[in-house]
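Asker: Quick one: this structure, given as structure tokens, is what I'll be asking you about.
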Amino acid sequence: MTKRFILFAFCALSLLFNGVVAEAQQRSPIRTNIKGVVRDSLTREGLPFVAIFLKGSDKGALTDENGNFAISTTANFISLNLSTIGYNEKVVFVNKGKDNNVVIDMVPTGVALKELVVKPKKEKYSKKNNPAVDFVQKLMDRKRMYDPKNHEYYNFDKYEKMNFALNDFSEEQKKKWLFKKFKFIFEYMDTSEVSGKPILNVSFKEKISKFHYRKSPASEKEYVKGITSAGIDEIFDEESVQRFVEEVFREIDIFGNDITLLLNRFVSPLSNIGTNYYKYYLTDTINVEGVKCIELSFSPHTPESFGFLGRIYVPLGDTTMFIKRVKLNVPKSINLNYVQNIFIVQDFEKAPDGSRLKTKDDMTVEFQILPSTQGLYARRVTLYKNHDFLQPQDEEIFNKEGKEIVAEDASIQPDEFWKENRQTPIKKSENAMGKLLTRLREVPVFYWSEKVILALVTGYIPTNGDDSKFDFGPMNTTLNGNSLEGFRVRVGGITTANLNNRLFARGYVAYGFEDKKLKYQGELEYSFNDKKYHSREFPIHSIKLSHKYDVDKLGQQYLFTNMDNLFLVLKRKIDNKMTYQRLTRLEYKMERKGGFSLTAGFSHDIQEATSIIPFEDGYGNVYKDFTEASFDLTLRYAPGEKFYQSKTNRYPINFDAPVFTLKHTFAPKGFLGTKYTINKTEISVQKRFWLSAFGYTDIRVSAAKLWSEVSYPNLLLPNANLSYTIQPQSYSLMNAMEFANDQYLSWDLTYWANGALFNRIPLIKYLKLREVVSFRGLYGSLKESNNPEFNNDLFRFPTGVRCKPMDKIPYMEFGIGIDNIFTFLRVDYVWRLTYREAPGVDLSGFRIQMHFSF
């Protein structure tokens with residue numbers, strides 16, 4: 001859901017800018033495009049990892065694993081100079097300012113590199129007797145030996161800048177009519193230092209911090225001294241965007257087994273399984289900052305899998321196998337969405353004791369969300385200096401909550417602070433982001449387009465721009481329907497910090513045209529923390545009072561969306577297992593930056609019977625409603641959790657962090673009209689487990705037990721999903737209120753293979769499909785004291801609902817799916833494995849989900 005927010009926003013903004021950039025295009029320099037293949041002159045097979053330099057410039061490229069390459073540049077150059085170990089150098093001249101398609105043959109010649117000998121003879125790749133494999137094995141053996149975190153303490157200064165831009169404006173955009181309204185944007189044009197393509201920066205972020213590491217007890221802290229941002233993404237939740245960007249473009253550790261990038265896990269070329277996953281070649285010796293280095297090239301055996309093309313540079317004769325520089329990119333055929341190119345460069349220095357110190361981490365990613373739309377460009381440059389292994393002067397920093405500690409004045413640092421502390425100067429176009437946006441927003445078509453995108457992405461419509469005191473929404477709940485209410489309309493909204501930065505209100509009114517009843521909810525919340533815009537901002541420390549009158553769907557819970565979501569209106573079964581609920585709740589919530597949260601609440605709940613869900617006990621007494629007044633306490637611990645915060649819900653950015661939840665609810669009989677004592681305990685654990693080259697598995701296990709006698713609305717009713725969509729933590733083929741338990745154990749396992757099979761099937765691999773396998777189930781039971789068939793004091797199960805206790809076998813579902821259809825669609829076929837003889841149930845069926853992923 002998070003990725004859908006961010007990618008949709010950038011897609012919409014790139015479509016908007018398709019018509020904005022044309023004037024700047026008219027002033028772009030002449031471009032030369034070169035595509036081709038480099039081959040062995042004898043075997044005519046493509047040569048991998050040939051270095052191609054544009055003589056007379058600082059530009060160049062590298063052939064892929066099949067010998068193909070593509071260069072697009074406005075740089076002035078003389079010729080193409082090609083070199084790779086084992087072949088004679090080649091010089092090729094092309095037509096500048098035009099499109100060139102070339103086939104280049106290189107002549108092999110034997111080369112000796114010290115005692116490492118590389119033969120040019122074309123043969124099937126083999127690990128045996130391969131000096132490159134022996135070389136990389138030495139790197140693997142020593143990668144932890146010179147880790148700076150072997151010291152008791154490790155500190156350094158860190159500077160990071162991140163910019164997003166519109167990339168490589170096409171000639172077709174000159175025909176767009178919108179450029180006439182944006183003649184000023186050429187003043188803000190820039191050129192990519194990596195590709196040489198013209199770009200227009202639309203977002204720029206900077207952060208200055210101090211990193212501290214302690215070995216024992218283990219702790220890592222980053223103290224942020226300054227942080228600033230400007231750009232088109234400032235209309236969204238700033239901290240959520242920052243979390244998302246940092247997670248997507250996470251710093252790479254090539255010395256681990258896996259590399260996290262773009263919310264995926266790539267196999268590191270120095271992984272323990274590297275020699276089985278990659279092909280390695282000793283390709284050249286070159287100078288890196290005046291040091292002559294051996295060049296080790298590598299590529300994955302299966303280019304569609306999550307691996308890198310790249311090179312590692314090790315100083316010649318260095319017995320410690322110190323890595324001086326790393327260059328990474330990805331194969332063109334990789335099963336990765338929206339990404340056209342990735343360029344990563346890391347530089348290292350050797351400390352006097354041999355420790356490996358990173359000094360630079362430079363990453364550039366070129367995107368295109370949709371074909372024929374404006375390309376996007378992202379670059380993150382991180383610089384490191386002042387490395388030391390001393391104990392910090394203030395060791396109390398290790399006792400602070402969270403991994404990142406942000407100074408109170410970090411976001412309001414003056415210009416002098418940035419000038420003094422930047423490790424590299426910024427460009428004029430990066431510093432002029434605010435001026436560009438101001439001028440863009442003076443044009444009505446951009447101004448209103450931005451407002452529409454904001455409403456679509458956030459779901460809310462501000463009433464007065466940035467100064468809005470009240471926002472209408474969420475908009476996706478405006479229209480809905482069900483069998484009890486018929487067609488339903490709803491309107492609501494929230495107050496913002498512009499009205500009061502500690503006191504907030506939110507609510508809605510809804511009307512059903514079938515039952516002709518007005519529903520409503522009102523909420524008043526006081527925050528003990530100042531908020532920037534809305535009450536749900538992390539961390540929450542508040543007390544709130546709410547009251548609502550609405551329908552309550554028994555056996556259906558919506559964990560990551562609203563009950564009224566328009567996309568859930570189509571159901572596979574009649575959705576009529578509902579009561580009317582009057583719920584008043586007082587709640588205190590406290591969240592800590594370390595991932596711990598506590599919620600304590602008191603609820604007064606009146607459930608009103610309907611024609612489908614009556615309340616009748618075993619003696620024939622009929623009740624129009626029943627009441628419960630309960631206390632609850634929830635403890636939740638999710639260390640390292642990252643999420644995107646909307647104005648209503650939170651959507652996980654990833655599921656890497658473990659989540660532990662413990663909840664207990666108690667309602668004493670007779671208290672404020674409570675009909676039955678409720679004593680209930682619930683516990684759950686969830687975690688994502690990465691399997692390196694073989695994808696990942698999401699696992700969730702939960703259990704609950706009722707310790708008291710309760711009637712059926714308070715029993716443990718499994719969460720049934722009646723829609724055709726895939727909903728988390730629910731059962732796709734179970735009917736609502738099909739089972740009732742007073743204790744249960746449930747599991748939900750989903751394996752995402754990331755194309756492990758499809759990537760190896762000819763033709764199919766070009767579709768970039770990914771496999772999904774799911775298995776979920778629930779094992780529960782119901783004591784006779786909680787079964788209305790044996791206890792007349794309890795409400796009887798409604799006639800026609802077919803609610804019953806489970807037998808001695810668990811309920812289970814199994815699904816096989818194809819993900820990444822058209823890059824955004826998942827389709828599963830799900831089978832019901834048990835209780836197939838039950839009347840009125842679905843035995844199997846298709847389920848779909850729309851989600852964006854890289």
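For the structure tokens, the naming scheme is as follows: chains receive sequential letters (A, B, ...) according to their order of presentation, residues are indexed from 1 within each chain, and ligands are indexed from 1 in presentation order.
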Let's see if you can do this: from backbone DSSP, list all strand (DSSP E or B) residues in segment 646-799 of chain A, as number ranges by chain.

Answerer: A: 650-652, 659-667, 674, 678-690, 696-706, 716, 720, 723, 725, 731, 739, 741, 743-752, 770-781, 795

Asker: So that I can check the surroundings of segment 702-709 of chain A, please list as a tab-separated table (two decimals) with C-alpha atoms, in the first residue's frame every protein, DNA and RNA residue that reaches within 8 Å of it, counting only C-alpha atoms and ignoring chain neighbours fewer than 4 positions away.

Answerer:
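Final file, around-v9.tsv:
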```tsv
chain	number	residue	atom	x	y	z
A	676	TYR	CA	-21.59	-11.63	30.28
A	677	THR	CA	-18.15	-11.64	31.84
A	678	ILE	CA	-15.43	-11.31	29.24
A	679	ASN	CA	-11.89	-12.45	29.99
A	680	LYS	CA	-9.90	-12.75	26.75
A	681	THR	CA	-6.19	-12.98	25.90
A	682	GLU	CA	-4.76	-12.56	22.38
A	683	ILE	CA	-1.18	-12.88	21.17
A	684	SER	CA	0.46	-12.67	17.76
A	685	VAL	CA	3.93	-12.71	16.16
A	715	LEU	CA	-16.68	-15.58	20.73
A	716	LEU	CA	-13.52	-15.76	18.61
A	742	ASP	CA	-13.24	-19.89	22.48
A	743	GLN	CA	-9.62	-20.75	21.77
A	744	TYR	CA	-7.60	-21.01	18.58
A	745	LEU	CA	-4.18	-21.13	16.96
A	746	SER	CA	-3.82	-19.64	13.47
A	747	TRP	CA	-1.05	-19.34	10.91
A	785	SER	CA	-19.98	-24.03	28.45
A	786	ASN	CA	-19.62	-21.55	25.56
```

Asker: For a test of reading the model, state the distance in Å between atom CA of Asn741 of chain A and atom CA of Val841 of chain A, rounded to one decimal.

Answerer: 18.8 Å

Asker: How would you write, as a short mmCIF file (atom, residue, chain, number, x, y, z; two decimals) with N, CA, C and O atoms, in the first residue's frame, the set of residues in segment 194-251 of chain A that DSSP gives as alpha helix (DSSP H)?

Answerer:
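This went into part-v7.cif:
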```cif
data_model
loop_
_atom_site.label_atom_id
_atom_site.label_comp_id
_atom_site.auth_asym_id
_atom_site.auth_seq_id
_atom_site.Cartn_x
_atom_site.Cartn_y
_atom_site.Cartn_z
N GLU A 238 5.99 14.49 5.32
CA GLU A 238 7.43 14.67 5.14
C GLU A 238 8.23 13.54 5.78
O GLU A 238 9.15 12.98 5.16
N GLU A 239 7.90 13.18 7.02
CA GLU A 239 8.67 12.15 7.70
C GLU A 239 8.44 10.78 7.06
O GLU A 239 9.37 9.97 6.98
N SER A 240 7.23 10.52 6.59
CA SER A 240 6.96 9.24 5.93
C SER A 240 7.72 9.13 4.62
O SER A 240 8.27 8.08 4.29
N VAL A 241 7.75 10.22 3.86
CA VAL A 241 8.50 10.22 2.60
C VAL A 241 9.98 9.99 2.89
O VAL A 241 10.66 9.24 2.18
N GLN A 242 10.50 10.63 3.95
CA GLN A 242 11.91 10.46 4.31
C GLN A 242 12.19 9.00 4.66
O GLN A 242 13.21 8.43 4.23
N ARG A 243 11.29 8.37 5.45
CA ARG A 243 11.48 6.97 5.81
C ARG A 243 11.45 6.08 4.57
O ARG A 243 12.24 5.15 4.42
N PHE A 244 10.51 6.37 3.67
CA PHE A 244 10.38 5.56 2.46
C PHE A 244 11.63 5.69 1.60
O PHE A 244 12.17 4.68 1.12
N VAL A 245 12.09 6.91 1.40
CA VAL A 245 13.26 7.13 0.55
C VAL A 245 14.49 6.45 1.14
O VAL A 245 15.28 5.80 0.43
N GLU A 246 14.69 6.59 2.44
CA GLU A 246 15.85 5.97 3.08
C GLU A 246 15.80 4.46 3.00
O GLU A 246 16.84 3.80 2.90
N GLU A 247 14.59 3.89 3.03
CA GLU A 247 14.47 2.44 2.96
C GLU A 247 14.67 1.95 1.53
O GLU A 247 15.32 0.93 1.29
N VAL A 248 14.11 2.66 0.56
CA VAL A 248 14.24 2.25 -0.84
C VAL A 248 15.69 2.37 -1.30
O VAL A 248 16.23 1.48 -1.97
#
```

Asker: Distance atom CA of Leu296 of chain A-atom CA of Asp134 of chain A, one decimal place?

Answerer: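 It comes out at 11.3 Å.
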
Asker: Please provide as a ChimeraX atom specification all residues within 7 Å of segment 368-381 of chain A, with the sequence filter that same-chain residues fewer than 3 positions apart are discarded (counting only C-alpha atoms).

Answerer: /A:11,14-15,18,160-168,338-340,361-365

Asker: Could you write out the selected residues, including C-alpha atoms, as a PDB file, in the first residue's frame?

Answerer:
```
ATOM      1  CA  CYS A  11       3.754   8.572 -11.912  1.00  0.00           C
ATOM      2  CA  SER A  14       5.781  12.676 -14.277  1.00  0.00           C
ATOM      3  CA  LEU A  15       2.708  12.668 -16.522  1.00  0.00           C
ATOM      4  CA  ASN A  18       5.412  15.610 -19.841  1.00  0.00           C
ATOM      5  CA  GLU A 160      23.880  12.778   2.637  1.00  0.00           C
ATOM      6  CA  LYS A 161      22.102  14.478  -0.227  1.00  0.00           C
ATOM      7  CA  MET A 162      19.285  13.019  -2.284  1.00  0.00           C
ATOM      8  CA  ASN A 163      17.698  14.484  -5.364  1.00  0.00           C
ATOM      9  CA  PHE A 164      14.875  13.376  -7.635  1.00  0.00           C
ATOM     10  CA  ALA A 165      14.594  14.720 -11.142  1.00  0.00           C
ATOM     11  CA  LEU A 166      12.826  14.339 -14.445  1.00  0.00           C
ATOM     12  CA  ASN A 167      15.237  12.448 -16.662  1.00  0.00           C
ATOM     13  CA  ASP A 168      16.313  12.706 -20.305  1.00  0.00           C
ATOM     14  CA  TYR A 338      10.346   0.513 -13.401  1.00  0.00           C
ATOM     15  CA  VAL A 339      14.163   0.554 -13.221  1.00  0.00           C
ATOM     16  CA  GLN A 340      16.106   1.328 -16.377  1.00  0.00           C
ATOM     17  CA  ASP A 361      28.603   5.899  -1.434  1.00  0.00           C
ATOM     18  CA  ASP A 362      27.148   7.205  -4.701  1.00  0.00           C
ATOM     19  CA  MET A 363      23.956   5.671  -6.082  1.00  0.00           C
ATOM     20  CA  THR A 364      21.983   6.714  -9.172  1.00  0.00           C
ATOM     21  CA  VAL A 365      18.761   5.063 -10.345  1.00  0.00           C
TER      22      VAL A 365
END
```
